[in-house]
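What follows is the content of work_9.pdb (PDB, C-alpha atoms).
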```
ATOM      1  CA  MET A1284       4.471 -12.018 -17.418
ATOM      2  CA  ALA A1285       5.554  -8.389 -17.196
ATOM      3  CA  ARG A1286       4.017  -5.236 -15.791
ATOM      4  CA  LYS A1287       4.704  -1.537 -16.066
ATOM      5  CA  ILE A1288       6.112   0.862 -13.510
ATOM      6  CA  GLU A1289       5.328   4.452 -14.469
ATOM      7  CA  GLY A1290       6.578   7.780 -13.156
ATOM      8  CA  ARG A1291      10.020   8.876 -11.964
ATOM      9  CA  ASN A1292       9.698   8.113  -8.252
ATOM     10  CA  ALA A1293       8.076   4.728  -8.818
ATOM     11  CA  VAL A1294      10.754   3.683 -11.322
ATOM     12  CA  TYR A1295      13.507   4.970  -9.030
ATOM     13  CA  GLU A1296      12.192   2.973  -6.066
ATOM     14  CA  PHE A1297      11.842  -0.156  -8.174
ATOM     15  CA  LEU A1298      15.472   0.115  -9.249
ATOM     16  CA  GLN A1299      16.429   0.128  -5.565
ATOM     17  CA  THR A1300      15.249  -3.485  -5.341
ATOM     18  CA  GLU A1301      16.759  -6.643  -6.798
ATOM     19  CA  LYS A1302      13.688  -7.307  -8.945
ATOM     20  CA  MET A1303      13.973  -7.791 -12.705
ATOM     21  CA  VAL A1304      13.732  -4.811 -15.053
ATOM     22  CA  TYR A1305      13.485  -5.772 -18.712
ATOM     23  CA  GLU A1306      13.568  -2.340 -20.333
ATOM     24  CA  ILE A1307      13.055   1.343 -19.557
ATOM     25  CA  TYR A1308      11.336   3.672 -22.017
ATOM     26  CA  VAL A1309      12.148   7.379 -21.797
ATOM     27  CA  ALA A1310      10.403  10.107 -23.785
ATOM     28  CA  ILE A1311      12.747  12.194 -25.917
ATOM     29  CA  GLY A1312      12.857  15.661 -24.415
ATOM     30  CA  VAL A1313      12.556  14.632 -20.777
ATOM     31  CA  GLU A1314      14.958  16.723 -18.697
ATOM     32  CA  ARG A1315      17.987  14.498 -18.105
ATOM     33  CA  ASP A1316      18.795  16.040 -14.713
ATOM     34  CA  ALA A1317      15.394  14.893 -13.435
ATOM     35  CA  ILE A1318      16.158  11.256 -14.225
ATOM     36  CA  LYS A1319      19.952  11.142 -14.032
ATOM     37  CA  GLU A1320      19.940   8.810 -11.013
ATOM     38  CA  ILE A1321      17.546   6.466 -12.789
ATOM     39  CA  LEU A1322      19.745   6.419 -15.887
ATOM     40  CA  GLN A1323      22.854   5.818 -13.778
ATOM     41  CA  MET A1324      21.294   2.911 -11.894
ATOM     42  CA  ALA A1325      19.957   1.417 -15.122
ATOM     43  CA  ASN A1326      23.396   1.638 -16.719
ATOM     44  CA  ASP A1327      25.024   0.101 -13.641
ATOM     45  CA  LYS A1328      22.600  -2.828 -13.896
ATOM     46  CA  SER A1329      22.979  -3.105 -17.685
ATOM     47  CA  ILE A1330      19.282  -2.461 -18.221
ATOM     48  CA  LYS A1331      18.225  -1.511 -21.736
ATOM     49  CA  ILE A1332      17.077   2.110 -22.061
ATOM     50  CA  SER A1333      15.045   3.096 -25.113
ATOM     51  CA  PHE A1334      14.571   6.771 -25.931
ATOM     52  CA  ILE A1335      11.377   7.193 -27.951
ATOM     53  CA  ASP A1336       9.011  10.050 -28.754
ATOM     54  CA  LYS A1337       6.404  11.110 -26.206
ATOM     55  CA  GLU A1338       3.591   9.601 -28.243
ATOM     56  CA  GLY A1339       5.355   6.257 -28.094
ATOM     57  CA  VAL A1340       5.611   6.457 -24.297
ATOM     58  CA  ASP A1341       1.944   7.504 -24.133
ATOM     59  CA  ASN A1342       1.031   4.370 -26.073
ATOM     60  CA  ILE A1343       3.068   2.134 -23.769
ATOM     61  CA  ALA A1344       1.876   3.725 -20.525
ATOM     62  CA  THR A1345      -1.369   2.852 -18.778
ATOM     63  CA  ILE A1346      -1.686   6.117 -16.842
ATOM     64  CA  ASP A1347      -1.632   9.710 -18.075
ATOM     65  CA  ASN A1348       0.850  11.223 -15.632
ATOM     66  CA  HIS A1349       3.803   8.954 -16.409
ATOM     67  CA  GLN A1350       6.294  11.866 -16.490
ATOM     68  CA  GLY A1351       7.865  10.511 -19.645
ATOM     69  CA  ILE A1352       9.256   7.297 -18.177
ATOM     70  CA  VAL A1353       7.943   3.717 -18.099
ATOM     71  CA  ALA A1354       9.778   0.577 -16.984
ATOM     72  CA  LEU A1355       8.826  -2.905 -18.129
ATOM     73  CA  VAL A1356       9.457  -5.172 -15.125
ATOM     74  CA  GLU A1357       8.691  -8.572 -13.677
ATOM     75  CA  ASP A1358       5.115  -9.309 -12.659
ATOM     76  CA  TYR A1359       3.989  -8.289  -9.169
ATOM     77  CA  GLN A1360       4.264 -11.004  -6.545
ATOM     78  CA  TYR A1361       1.729 -10.929  -3.730
ATOM     79  CA  GLY A1362       2.942 -12.020  -0.315
ATOM     80  CA  ASN A1363       2.215 -15.301   1.440
ATOM     81  CA  PHE A1364       0.212 -14.783   4.643
ATOM     82  CA  GLU A1365       1.736 -17.542   6.763
ATOM     83  CA  LYS A1366       5.303 -16.877   5.666
ATOM     84  CA  ILE A1367       5.093 -13.147   6.299
ATOM     85  CA  ILE A1368       3.311 -13.365   9.654
ATOM     86  CA  GLU A1369       5.696 -16.016  10.949
ATOM     87  CA  GLY A1370       8.674 -13.957   9.798
ATOM     88  CA  ILE A1371       7.764 -10.830  11.772
ATOM     89  CA  GLU A1372      10.180 -10.109  14.604
ATOM     90  CA  GLY A1373       8.847  -8.361  17.667
ATOM     91  CA  ASN A1374       5.371  -6.866  17.667
ATOM     92  CA  GLY A1375       3.512  -7.170  14.376
ATOM     93  CA  PHE A1376       1.666  -4.327  12.659
ATOM     94  CA  ILE A1377      -0.851  -5.385  10.007
ATOM     95  CA  LEU A1378      -3.234  -3.217   7.989
ATOM     96  CA  ILE A1379      -6.379  -4.803   6.529
ATOM     97  CA  CYS A1380      -8.246  -3.049   3.703
ATOM     98  CA  ASP A1381     -11.810  -4.292   3.377
ATOM     99  CA  ASN A1382     -12.779  -3.986  -0.291
ATOM    100  CA  LEU A1383     -11.156  -0.702  -1.304
ATOM    101  CA  LYS A1384     -12.048   0.197  -4.880
ATOM    102  CA  ASP A1385      -9.981   3.313  -5.578
ATOM    103  CA  PRO A1386      -6.347   2.708  -6.651
ATOM    104  CA  HIS A1387      -5.415   6.183  -5.419
ATOM    105  CA  ASN A1388      -6.576   5.268  -1.924
ATOM    106  CA  LEU A1389      -4.651   2.008  -1.890
ATOM    107  CA  GLY A1390      -1.543   3.720  -3.241
ATOM    108  CA  ALA A1391      -1.697   6.453  -0.604
ATOM    109  CA  ILE A1392      -2.292   3.856   2.129
ATOM    110  CA  LEU A1393       0.743   1.835   1.025
ATOM    111  CA  ARG A1394       2.911   4.952   1.040
ATOM    112  CA  THR A1395       1.946   5.717   4.643
ATOM    113  CA  ALA A1396       2.142   2.048   5.597
ATOM    114  CA  ASP A1397       5.762   1.978   4.485
ATOM    115  CA  ALA A1398       6.499   5.184   6.402
ATOM    116  CA  THR A1399       4.934   3.874   9.630
ATOM    117  CA  GLY A1400       6.541   0.446   9.625
ATOM    118  CA  VAL A1401       3.497  -1.666   8.761
ATOM    119  CA  ASP A1402       4.628  -5.257   8.205
ATOM    120  CA  ALA A1403       2.022  -6.117   5.567
ATOM    121  CA  VAL A1404      -1.176  -4.865   3.978
ATOM    122  CA  ILE A1405      -3.969  -7.382   3.431
ATOM    123  CA  ILE A1406      -6.581  -7.058   0.688
ATOM    124  CA  PRO A1407      -9.334  -9.463  -0.463
ATOM    125  CA  LYS A1408      -8.994 -11.335  -3.743
ATOM    126  CA  ASN A1409     -12.437 -10.264  -4.948
ATOM    127  CA  ARG A1410     -14.260  -6.920  -5.118
ATOM    128  CA  SER A1411     -11.109  -4.969  -4.359
ATOM    129  CA  VAL A1412      -8.543  -2.900  -6.193
ATOM    130  CA  GLU A1413      -5.291  -4.742  -6.870
ATOM    131  CA  VAL A1414      -1.721  -3.496  -7.223
ATOM    132  CA  THR A1415      -1.874  -1.613 -10.531
ATOM    133  CA  PRO A1416       0.463   0.913 -12.196
ATOM    134  CA  THR A1417      -1.658   3.689 -10.673
ATOM    135  CA  VAL A1418      -1.347   2.169  -7.200
ATOM    136  CA  THR A1419       2.418   1.897  -7.620
ATOM    137  CA  LYS A1420       2.793   5.477  -8.839
ATOM    138  CA  VAL A1421       0.593   6.956  -6.097
ATOM    139  CA  SER A1422       2.499   4.916  -3.508
ATOM    140  CA  VAL A1423       5.730   6.422  -4.904
ATOM    141  CA  GLY A1424       7.098   2.911  -5.259
ATOM    142  CA  ALA A1425       6.088   1.681  -1.789
ATOM    143  CA  THR A1426       4.492  -1.335  -3.485
ATOM    144  CA  GLU A1427       8.024  -2.642  -3.987
ATOM    145  CA  HIS A1428       8.957  -2.372  -0.309
ATOM    146  CA  ILE A1429       5.908  -3.448   1.673
ATOM    147  CA  PRO A1430       4.204  -6.828   1.172
ATOM    148  CA  VAL A1431       0.623  -6.880  -0.065
ATOM    149  CA  ILE A1432      -1.230 -10.098   0.744
ATOM    150  CA  LYS A1433      -4.337 -11.253  -1.110
ATOM    151  CA  VAL A1434      -6.720 -13.422   0.896
ATOM    152  CA  THR A1435      -9.934 -15.213  -0.018
ATOM    153  CA  ASN A1436     -11.807 -14.250   3.143
ATOM    154  CA  ILE A1437     -11.044 -11.225   5.338
ATOM    155  CA  ALA A1438     -13.121 -12.486   8.285
ATOM    156  CA  ARG A1439     -11.281 -15.819   8.408
ATOM    157  CA  THR A1440      -7.964 -14.001   8.066
ATOM    158  CA  ILE A1441      -8.832 -11.943  11.143
ATOM    159  CA  ASP A1442      -9.474 -15.197  13.002
ATOM    160  CA  LYS A1443      -6.021 -16.432  11.975
ATOM    161  CA  LEU A1444      -4.428 -13.220  13.214
ATOM    162  CA  LYS A1445      -6.236 -13.559  16.526
ATOM    163  CA  GLU A1446      -4.845 -17.077  16.867
ATOM    164  CA  LYS A1447      -1.407 -15.496  16.541
ATOM    165  CA  LYS A1448      -2.174 -13.079  19.417
ATOM    166  CA  TYR A1449      -3.114 -10.022  17.352
ATOM    167  CA  TRP A1450      -5.658  -7.522  18.632
ATOM    168  CA  ILE A1451      -7.813  -6.270  15.756
ATOM    169  CA  THR A1452      -9.221  -2.746  15.724
ATOM    170  CA  ALA A1453     -11.683  -1.445  13.140
ATOM    171  CA  ALA A1454     -12.073   2.227  12.285
ATOM    172  CA  ASP A1455     -15.737   3.097  11.814
ATOM    173  CA  MET A1456     -18.052   6.055  12.396
ATOM    174  CA  ASP A1457     -20.072   4.118  14.999
ATOM    175  CA  GLY A1458     -17.028   3.101  17.042
ATOM    176  CA  GLU A1459     -17.651   3.050  20.790
ATOM    177  CA  LYS A1460     -14.647   5.233  21.616
ATOM    178  CA  ALA A1461     -12.159   7.548  19.937
ATOM    179  CA  PHE A1462      -9.119   5.973  18.304
ATOM    180  CA  PHE A1463      -6.720   7.690  20.717
ATOM    181  CA  GLU A1464      -8.551   6.142  23.670
ATOM    182  CA  SER A1465      -7.921   2.613  22.404
ATOM    183  CA  ASP A1466      -4.916   0.496  23.355
ATOM    184  CA  LEU A1467      -2.974  -0.058  20.133
ATOM    185  CA  LYS A1468       0.144  -1.588  21.632
ATOM    186  CA  GLY A1469       1.626  -5.019  20.960
ATOM    187  CA  ASN A1470       0.540  -7.099  17.971
ATOM    188  CA  VAL A1471      -1.896  -4.827  16.153
ATOM    189  CA  GLY A1472      -4.210  -5.236  13.186
ATOM    190  CA  ILE A1473      -6.070  -2.181  11.854
ATOM    191  CA  VAL A1474      -9.108  -2.604   9.587
ATOM    192  CA  ILE A1475     -10.087   0.153   7.147
ATOM    193  CA  GLY A1476     -13.364  -0.029   5.240
ATOM    194  CA  SER A1477     -14.169   0.648   1.611
ATOM    195  CA  GLU A1478     -15.036   4.061   0.226
ATOM    196  CA  GLY A1479     -18.677   4.866   0.905
ATOM    197  CA  GLU A1480     -19.636   1.420   2.266
ATOM    198  CA  GLY A1481     -17.297   1.199   5.222
ATOM    199  CA  ILE A1482     -16.458  -2.125   6.858
ATOM    200  CA  ARG A1483     -18.739  -5.064   6.165
ATOM    201  CA  ARG A1484     -20.840  -6.275   9.090
ATOM    202  CA  LEU A1485     -19.239  -9.722   9.427
ATOM    203  CA  VAL A1486     -15.738  -8.255   9.260
ATOM    204  CA  LYS A1487     -16.611  -5.653  11.898
ATOM    205  CA  GLU A1488     -18.068  -8.325  14.188
ATOM    206  CA  LYS A1489     -14.767 -10.224  14.027
ATOM    207  CA  CYS A1490     -12.813  -7.232  15.326
ATOM    208  CA  ASP A1491     -11.921  -6.880  19.001
ATOM    209  CA  PHE A1492     -12.563  -3.136  19.055
ATOM    210  CA  VAL A1493     -14.314  -0.570  16.881
ATOM    211  CA  VAL A1494     -13.049   2.998  17.192
ATOM    212  CA  ASN A1495     -14.106   6.281  15.673
ATOM    213  CA  ILE A1496     -12.221   9.323  14.480
ATOM    214  CA  PRO A1497     -13.901  12.364  16.094
ATOM    215  CA  MET A1498     -15.301  14.800  13.526
ATOM    216  CA  LYS A1499     -16.114  18.385  14.495
ATOM    217  CA  GLY A1500     -17.033  19.779  11.097
ATOM    218  CA  LYS A1501     -20.096  19.467   8.886
ATOM    219  CA  ILE A1502     -18.666  16.581   6.825
ATOM    220  CA  GLN A1503     -18.871  13.375   8.813
ATOM    221  CA  SER A1504     -16.524  11.138   6.859
ATOM    222  CA  LEU A1505     -12.889  10.970   5.818
ATOM    223  CA  ASN A1506     -11.155   9.621   2.745
ATOM    224  CA  ALA A1507     -10.125   5.997   3.400
ATOM    225  CA  SER A1508      -6.429   6.763   3.007
ATOM    226  CA  VAL A1509      -6.655   9.720   5.423
ATOM    227  CA  ALA A1510      -8.470   7.616   8.029
ATOM    228  CA  ALA A1511      -5.897   4.854   7.608
ATOM    229  CA  SER A1512      -3.037   7.331   8.032
ATOM    230  CA  ILE A1513      -4.488   8.671  11.282
ATOM    231  CA  LEU A1514      -4.785   5.174  12.724
ATOM    232  CA  MET A1515      -1.348   4.080  11.512
ATOM    233  CA  TYR A1516       0.363   7.042  13.126
ATOM    234  CA  GLU A1517      -1.564   6.476  16.356
ATOM    235  CA  VAL A1518      -0.073   2.971  16.429
ATOM    236  CA  VAL A1519       3.364   4.531  15.901
ATOM    237  CA  ARG A1520       2.746   7.056  18.685
ATOM    238  CA  GLN A1521       1.693   4.427  21.204
ATOM    239  CA  ASN A1522       4.503   2.039  20.321
ATOM    240  CA  TYR A1523       7.282   4.532  19.634
ATOM    241  CA  GLY A1524      10.616   3.130  20.767
ATOM    242  CA  LYS A1525       9.067  -0.126  21.999
ATOM    243  CA  ASN A1526       9.742  -2.381  18.978
TER
END
```
As structure tokens, please, write out the structure in this file.
Amino acid sequence: MARKIEGRNAVYEFLQTEKMVYEIYVAIGVERDAIKEILQMANDKSIKISFIDKEGVDNIATIDNHQGIVALVEDYQYGNFEKIIEGIEGNGFILICDNLKDPHNLGAILRTADATGVDAVIIPKNRSVEVTPTVTKVSVGATEHIPVIKVTNIARTIDKLKEKKYWITAADMDGEKAFFESDLKGNVGIVIGSEGEGIRRLVKEKCDFVVNIPMKGKIQSLNASVAASILMYEVVRQNYGKN
């Protein structure tokens, strides 16, 4: 099966990998300077480039803001939990997303996860957004660099991580202490809840710690991707230069 990578940055990042690209569609009229590196890499790899009218690209694309470029590529391959965890060298850094629904949130989380050195992002198989063209575009192609693992049961997955000496911290409004007061060194797993619903009770009970992000304003909640970014960079701060 094939999928679509849409938008200049996402297509550019995909071409940086060794994954299969079947064809690239470019809207006639797109400024060549804006995509010259993409065209050069595609030519170097002997990838077919089809220049078609904008309406044709609109019909092929699945998102509106495709910037006039869509690549038809190999299907997305989710990571294998055991293989990835066993392959981590040094301290591991895992992010667990408990039933996120918004592809923009997942895409933004993956972009920050790549920037902060997260080893893998775990999502549930059911009741959760998957890796879609929107997720890939919002992540600016980070979907092609950081493994996303689908699991049947988040709570049992946390148990498996604990068996492998991971300390699991959940971010929630009712956390007993602020995130910066928690020890996030060593093998770390961070759990982020879904938009509006937060972290499910059973998942939260499996965590070693529950921390909060102090809020001084009138609005007492943060976007899931913003909360995740704060926690990810706190892990970086506490472990900087140690891994």
Practice task
Between A:Ala1293, A:Val1434, A:Ile1343, A:Ala1507, single out the one closest to A:Ala1391, counting all atoms listed in the file.
Solution key: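 That would be A:Ala1507, the residue with the smallest distance to A:Ala1391.
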Exercise for the section: Could you tell me how far atom CA of A:Ser1477 lies from atom CA of A:Cys1380, in Å and to one decimal? Expected result: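 Between atom CA of A:Ser1477 and atom CA of A:Cys1380 the gap is 7.3 Å.
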Skipping near chain neighbours, those fewer than 6 positions away, what residues fall within 8 Å of stretch 1399-1408 of chain A using all atoms listed in the file, listed as a tab-separated table (two decimals) with C-alpha atoms, in the coordinates of the input?
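Written file, selection-v8.tsv:
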```tsv
chain	number	residue	atom	x	y	z
A	1367	ILE	CA	5.09	-13.15	6.30
A	1371	ILE	CA	7.76	-10.83	11.77
A	1375	GLY	CA	3.51	-7.17	14.38
A	1376	PHE	CA	1.67	-4.33	12.66
A	1377	ILE	CA	-0.85	-5.38	10.01
A	1378	LEU	CA	-3.23	-3.22	7.99
A	1379	ILE	CA	-6.38	-4.80	6.53
A	1380	CYS	CA	-8.25	-3.05	3.70
A	1381	ASP	CA	-11.81	-4.29	3.38
A	1382	ASN	CA	-12.78	-3.99	-0.29
A	1393	LEU	CA	0.74	1.84	1.02
A	1429	ILE	CA	5.91	-3.45	1.67
A	1430	PRO	CA	4.20	-6.83	1.17
A	1431	VAL	CA	0.62	-6.88	-0.06
A	1432	ILE	CA	-1.23	-10.10	0.74
A	1433	LYS	CA	-4.34	-11.25	-1.11
A	1434	VAL	CA	-6.72	-13.42	0.90
A	1435	THR	CA	-9.93	-15.21	-0.02
A	1436	ASN	CA	-11.81	-14.25	3.14
A	1437	ILE	CA	-11.04	-11.22	5.34
A	1515	MET	CA	-1.35	4.08	11.51
A	1516	TYR	CA	0.36	7.04	13.13
A	1519	VAL	CA	3.36	4.53	15.90
```
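Distance-wise, atom CA of A:His1428 and atom CA of A:Phe1463 end up 28.1 Å apart.
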Exercise for the section: Return as JSON, numbers by chain the set of residues that the PyMOL selection byres ((chain A and resi 1438) around 8) yields on the displayed structure. Expected result: {"A": [1436, 1437, 1439, 1440, 1441, 1442, 1485, 1486, 1489]}
Exercise for the section: For atom CA of A:Gly1500 and atom CA of A:Glu1459, quote the distance in Å rounded to one decimal. Expected result: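 Here the two named atoms are 19.3 Å from each other.
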